[in-house]
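What follows is one structure encoded as structure tokens, with my remarks underneath.
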Amino acid sequence: GSGDEGFTVALLERGHEGLRMGPRHIPLNAAFMNGTVEGEDVWIPMSSILGGQERCGFGWNMFVECLAEGRGVSLPAGSIGAARSVVAGVGAYSRVRKQFRVPIAEFGGIQEAMAKAGSDGLITIAGGDVMNAIVDNHEAPMVISSVMKQNCTERGRRIVECGMDIAAGSAICRGDKNYLGNAYMSLPIAITVEGANIMTRSFQIIGQGLTRCHPHMSDLLKALQLPPSEEKHGVKIFVKQFHKIVGHGITNFFGSVSRGVGATFSSATRSKTAYKNGDELLAYHEKQLLRLAANFALTADLCFTLGGRLKFEELLMG
């Protein structure tokens with residue numbers, strides 16, 4: 001029949017013969033209905049395999065696609081929920097809570113923390129809308145979802161920390177009226193999904209991004225994976241894509257240098273009234289953004305020269 005050996009996904013009832021349900025995990029006292037599942041000599045009917053016999057051996061592909069959507073949707077959603085609750089709850093608290101007979105919302109330090117939480121919250125909401133639109137379009141972008149996970153969970157952490165700073169004593173005393181303590185305690189859970197954000201940034205965003213976002217690297221890798229019967233065809237594809245990769249790197253090098261020199265010249269020759277013209281100001285910052293993008297593209301190309309050492313050079317990765 002069809003299908004391949006390998007990692008396969010199946011849905012089984014809890015009481016399936018041979019399965020042993022282990023204890024559930026308790027991550028930082030947060031409700032997490034997950035745990036270990038063990039089995040020995042478990043017979044799985046073909047009807048229980050997701051996709052039937054044709055999808056045997058495709059479990060890893062299913063797993064990766066689900067992770068791409070899950071990390072890009074559920075984790076930012078948690079940060080969005082934290083942003084809305086913290087900004088609304090702590091904002092109201094800052095108007096009621098008084099110090100020296102004055103609402104603490106009138107103090108500059110409190111306003112600074114609220115502004116940070118509000119700005120990070122708006123960025124998180126905007127990012128969540130973008131990711132949801134991508135998923136609605138039936139796409140599963142690995143790199144973008146990793147960026148969303150890393151960025152939104154980090155912002156969610158900062159938002160809750162700002163709320164803890166404002167609520168102060170009322171936030172550190174456990175009780176029924178403490179609406180921040182559990183959120184603060186569970187922050188590392190979202191950040192640690194699939195490895196902490198250190199791994200998300202270093203391995204997934206940059207490591208996968210170098211190959212998946214490069215216009216020619218993916219085709220080169222596919223040529224290396226062709227069967228021996230297509231070796232000659234694979235060699236032709238490899239050589240062609242290699243030349244394209246070198247040409248792409250040279251283009252990025254000259255693009256980075258030219259934009260850098262151009263940005264330096266435009267900054268030195270700007271008039272004092274340039275800030276008063278909105279169109280000129282927007283064009284200036286757009287050129288600066290393009291310069292940074294060109295520098296980043298060149299840096300990404302240079303990372304290929306590190307080979308296997310790339311996984312250890314995490315300081316290069318943001």
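Residue numbering restarts at 1 in every chain; chains get A, B, ... in the order shown in the structure tokens, and ligands count up from 1 in that same order.
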Point to revise | Surrounding residues of A:Pro103 excluding itself and chain neighbours under 5 positions, 12 Å, only C-alpha atoms, as an MDAnalysis selection string | key: chainID A and resid 91:98 108 110:111 166
Review point. Leaving out A:Val257 and any residue of its chain fewer than 5 positions from it, which residues lie within 10 Å of it when counting only C-alpha atoms, given as a VMD selection string?
Key: chain A and resid 252 262 to 263 291 294 to 295 298
**Study point:** DSSP helix (DSSP H, G or I) selection over stretch 22-128 of chain A, as JSON, numbers by chain
**Key:** {"A": [27, 28, 29, 46, 47, 48, 53, 54, 55, 59, 60, 61, 62, 63, 64, 65, 66, 67, 68, 69, 70, 71, 72, 73, 74, 75, 76, 77, 78, 79, 80, 81, 82, 83, 84, 85, 86, 87, 88, 89, 90, 91, 92, 93, 94, 95, 96, 104, 105, 106, 108, 109, 110, 111, 112, 113, 114, 115, 116, 117, 118, 119, 120, 121, 122, 123, 124, 125, 126, 127, 128]}
Write the residues of the selection above to a file with C-alpha atoms, as a PDB file, in the first residue's frame.
```
ATOM      1  CA  PRO A  27       4.251  24.273  35.269  1.00  0.00           C
ATOM      2  CA  LEU A  28       4.409  27.005  37.929  1.00  0.00           C
ATOM      3  CA  ASN A  29       0.947  26.073  39.256  1.00  0.00           C
ATOM      4  CA  MET A  46      -5.408   2.270  10.206  1.00  0.00           C
ATOM      5  CA  SER A  47      -8.652   4.231  10.663  1.00  0.00           C
ATOM      6  CA  SER A  48      -7.098   6.037  13.660  1.00  0.00           C
ATOM      7  CA  GLN A  53      -2.536   4.994   5.188  1.00  0.00           C
ATOM      8  CA  GLU A  54      -1.389   7.576   2.643  1.00  0.00           C
ATOM      9  CA  ARG A  55      -0.198   9.878   5.443  1.00  0.00           C
ATOM     10  CA  GLY A  59       3.911  12.960  11.145  1.00  0.00           C
ATOM     11  CA  TRP A  60       6.904  15.278  11.277  1.00  0.00           C
ATOM     12  CA  ASN A  61       5.492  17.470   8.505  1.00  0.00           C
ATOM     13  CA  MET A  62       2.153  17.676  10.348  1.00  0.00           C
ATOM     14  CA  PHE A  63       3.938  18.421  13.596  1.00  0.00           C
ATOM     15  CA  VAL A  64       6.006  21.269  12.150  1.00  0.00           C
ATOM     16  CA  GLU A  65       3.023  22.850  10.365  1.00  0.00           C
ATOM     17  CA  CYS A  66       0.928  22.759  13.545  1.00  0.00           C
ATOM     18  CA  LEU A  67       3.775  24.309  15.510  1.00  0.00           C
ATOM     19  CA  ALA A  68       4.141  27.090  12.955  1.00  0.00           C
ATOM     20  CA  GLU A  69       0.481  28.044  13.313  1.00  0.00           C
ATOM     21  CA  GLY A  70       0.245  27.370  17.044  1.00  0.00           C
ATOM     22  CA  ARG A  71       3.248  29.412  18.099  1.00  0.00           C
ATOM     23  CA  GLY A  72       2.256  32.299  15.845  1.00  0.00           C
ATOM     24  CA  VAL A  73      -1.367  32.456  17.014  1.00  0.00           C
ATOM     25  CA  SER A  74      -1.805  31.134  20.562  1.00  0.00           C
ATOM     26  CA  LEU A  75       1.281  32.648  22.187  1.00  0.00           C
ATOM     27  CA  PRO A  76       0.770  36.186  20.812  1.00  0.00           C
ATOM     28  CA  ALA A  77      -2.892  35.852  21.821  1.00  0.00           C
ATOM     29  CA  GLY A  78      -1.771  35.285  25.406  1.00  0.00           C
ATOM     30  CA  SER A  79       0.339  38.435  25.269  1.00  0.00           C
ATOM     31  CA  ILE A  80      -2.581  40.373  23.781  1.00  0.00           C
ATOM     32  CA  GLY A  81      -4.807  39.187  26.634  1.00  0.00           C
ATOM     33  CA  ALA A  82      -2.164  40.244  29.152  1.00  0.00           C
ATOM     34  CA  ALA A  83      -1.872  43.637  27.480  1.00  0.00           C
ATOM     35  CA  ARG A  84      -5.609  44.307  27.517  1.00  0.00           C
ATOM     36  CA  SER A  85      -6.096  43.166  31.115  1.00  0.00           C
ATOM     37  CA  VAL A  86      -3.024  44.892  32.514  1.00  0.00           C
ATOM     38  CA  VAL A  87      -3.555  48.205  30.749  1.00  0.00           C
ATOM     39  CA  ALA A  88      -7.256  48.279  31.641  1.00  0.00           C
ATOM     40  CA  GLY A  89      -6.942  46.950  35.205  1.00  0.00           C
ATOM     41  CA  VAL A  90      -3.767  48.719  36.243  1.00  0.00           C
ATOM     42  CA  GLY A  91      -4.840  51.889  34.449  1.00  0.00           C
ATOM     43  CA  ALA A  92      -8.042  52.000  36.488  1.00  0.00           C
ATOM     44  CA  TYR A  93      -6.096  51.133  39.647  1.00  0.00           C
ATOM     45  CA  SER A  94      -3.716  54.031  39.074  1.00  0.00           C
ATOM     46  CA  ARG A  95      -6.657  56.452  39.041  1.00  0.00           C
ATOM     47  CA  VAL A  96      -8.142  55.080  42.272  1.00  0.00           C
ATOM     48  CA  ILE A 104      -0.711  57.849  41.367  1.00  0.00           C
ATOM     49  CA  ALA A 105      -1.638  58.213  37.681  1.00  0.00           C
ATOM     50  CA  GLU A 106      -0.513  61.833  38.015  1.00  0.00           C
ATOM     51  CA  GLY A 108       5.543  60.756  35.911  1.00  0.00           C
ATOM     52  CA  GLY A 109       7.030  57.385  36.822  1.00  0.00           C
ATOM     53  CA  ILE A 110       3.611  55.721  36.722  1.00  0.00           C
ATOM     54  CA  GLN A 111       2.823  57.422  33.427  1.00  0.00           C
ATOM     55  CA  GLU A 112       6.092  56.113  31.978  1.00  0.00           C
ATOM     56  CA  ALA A 113       5.266  52.528  32.939  1.00  0.00           C
ATOM     57  CA  MET A 114       1.718  52.846  31.581  1.00  0.00           C
ATOM     58  CA  ALA A 115       3.040  54.299  28.323  1.00  0.00           C
ATOM     59  CA  LYS A 116       5.451  51.376  27.922  1.00  0.00           C
ATOM     60  CA  ALA A 117       2.704  48.846  28.594  1.00  0.00           C
ATOM     61  CA  GLY A 118       0.299  50.606  26.230  1.00  0.00           C
ATOM     62  CA  SER A 119       2.789  50.907  23.360  1.00  0.00           C
ATOM     63  CA  ASP A 120       3.934  47.295  23.676  1.00  0.00           C
ATOM     64  CA  GLY A 121       0.291  46.244  23.853  1.00  0.00           C
ATOM     65  CA  LEU A 122      -0.596  48.046  20.632  1.00  0.00           C
ATOM     66  CA  ILE A 123       2.398  46.504  18.849  1.00  0.00           C
ATOM     67  CA  THR A 124       1.406  43.045  20.083  1.00  0.00           C
ATOM     68  CA  ILE A 125      -2.193  43.498  18.917  1.00  0.00           C
ATOM     69  CA  ALA A 126      -1.051  44.665  15.483  1.00  0.00           C
ATOM     70  CA  GLY A 127       1.303  41.691  15.175  1.00  0.00           C
ATOM     71  CA  GLY A 128      -1.463  39.295  16.180  1.00  0.00           C
TER      72      GLY A 128
END
```
Practice item. Counting only C-alpha atoms, figure out which residue out of A:Val235, A:Leu12, A:Leu19, A:Ala30 gets nearest to A:Gly181. Key: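 Looking at the shortest contact to A:Gly181, the residue is A:Ala30.
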Residue neighbourhood A:Asn197, 10 Å, only C-alpha atoms, exclusion window fewer than 5 positions, as a CSV table (one decimal) with N, CA, C and O atoms, in the first residue's frame:
```csv
chain,number,residue,atom,x,y,z
A,146,SER,N,7.9,32.3,14.2
A,146,SER,CA,8.9,32.3,15.3
A,146,SER,C,9.2,33.8,15.7
A,146,SER,O,9.4,34.1,16.9
A,147,VAL,N,9.2,34.7,14.7
A,147,VAL,CA,9.4,36.1,15.1
A,147,VAL,C,8.2,36.6,16.0
A,147,VAL,O,8.5,37.3,16.9
A,149,LYS,N,6.3,34.8,17.9
A,149,LYS,CA,6.4,34.2,19.3
A,149,LYS,C,7.4,34.9,20.1
A,149,LYS,O,7.2,35.2,21.3
A,150,GLN,N,8.6,35.1,19.6
A,150,GLN,CA,9.7,35.7,20.3
A,150,GLN,C,9.4,37.1,20.7
A,150,GLN,O,9.6,37.6,21.8
A,151,ASN,N,8.9,37.9,19.7
A,151,ASN,CA,8.7,39.3,19.9
A,151,ASN,C,7.5,39.5,20.9
A,151,ASN,O,7.6,40.3,21.8
A,153,THR,N,5.9,37.5,23.1
A,153,THR,CA,6.1,37.0,24.4
A,153,THR,C,7.0,37.9,25.2
A,153,THR,O,6.8,38.1,26.4
A,154,GLU,N,8.1,38.4,24.6
A,154,GLU,CA,9.0,39.3,25.3
A,154,GLU,C,8.2,40.6,25.6
A,154,GLU,O,8.4,41.1,26.7
A,188,PRO,N,7.1,32.8,32.2
A,188,PRO,CA,8.1,31.9,31.6
A,188,PRO,C,7.6,30.7,30.8
A,188,PRO,O,8.3,30.2,30.0
A,190,ALA,N,5.0,30.6,28.5
A,190,ALA,CA,4.9,31.0,27.1
A,190,ALA,C,6.2,31.2,26.4
A,190,ALA,O,6.5,30.8,25.3
A,191,ILE,N,7.1,31.8,27.2
A,191,ILE,CA,8.5,32.1,26.6
A,191,ILE,C,9.3,30.8,26.4
A,191,ILE,O,10.1,30.8,25.5
A,192,THR,N,9.0,29.8,27.2
A,192,THR,CA,9.8,28.6,27.1
A,192,THR,C,9.2,27.6,26.1
A,192,THR,O,9.8,26.5,25.9
A,202,SER,N,17.9,32.4,18.1
A,202,SER,CA,19.2,32.0,17.6
A,202,SER,C,19.0,30.9,16.5
A,202,SER,O,19.8,30.9,15.5
A,203,PHE,N,18.1,29.9,16.8
A,203,PHE,CA,18.1,28.8,15.9
A,203,PHE,C,16.9,28.9,14.9
A,203,PHE,O,17.1,28.6,13.7
A,204,GLN,N,15.7,29.3,15.3
A,204,GLN,CA,14.6,29.3,14.5
A,204,GLN,C,14.5,30.5,13.6
A,204,GLN,O,14.4,30.4,12.3
```
**Study point:** Shell around stretch 236-247 of chain A at 8 Å using only C-alpha atoms, local window under 3 positions removed, as a PyMOL selection string
**Key:** chain A and resi 216-217+219-220+223-224+232-233+250-251
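Distances from A:Ile205, A:Ile49, A:Ile198, A:Ile44 to A:Ser145 were compared using only C-alpha atoms, and the smallest one belongs to A:Ile205.
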Review point. Residues of stretch 44-217 of chain A in strand (DSSP E) according to DSSP, as an MDAnalysis selection string?
Key: chainID A and resid 98:99 102:103
With N, CA, C and O atoms retained, write the just-selected residues as a compact mmCIF listing (two decimals), in the first residue's frame.
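Okay, out_36.txt is ready:
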```
# COMPACT_ATOMS: atom_id res chain seq x y z
N LYS A 98 -4.27 56.38 45.62
CA LYS A 98 -3.76 57.72 45.87
C LYS A 98 -2.51 57.68 46.75
O LYS A 98 -2.37 56.83 47.62
N GLN A 99 -1.63 58.61 46.47
CA GLN A 99 -0.44 58.83 47.29
C GLN A 99 -0.32 60.32 47.51
O GLN A 99 -0.38 61.10 46.55
N VAL A 102 -3.14 62.31 46.09
CA VAL A 102 -3.15 62.51 44.63
C VAL A 102 -3.15 61.14 43.96
O VAL A 102 -2.40 60.25 44.36
N PRO A 103 -4.01 60.91 42.94
CA PRO A 103 -3.95 59.63 42.22
C PRO A 103 -2.56 59.38 41.67
O PRO A 103 -1.91 60.28 41.12
```
Point to revise | Two-atom distance - atom CA of A:Arg259, atom CA of A:Ala283 (Å) | key: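 Separating atom CA of A:Arg259 from atom CA of A:Ala283 is a distance of 13.6 Å.
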Review point. Got a sec: who's within 10 Å of A:Cys303, counting only C-alpha atoms, leaving out chain neighbours fewer than 3 positions off, as an MDAnalysis selection string?
Key: chainID A and resid 206:207 210 297:300 306:307 309:310 313 316:317
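Residues lying within 12 Å of A:His285, counting only C-alpha atoms and ignoring same-chain neighbours fewer than 3 positions away, are Ala263, Ser266, Ser267, Ala274, Tyr275, Gly278, Asp279, Glu280, Leu281, Leu282, Gln288, Leu289, Leu290, Arg291 and Leu292 of chain A.
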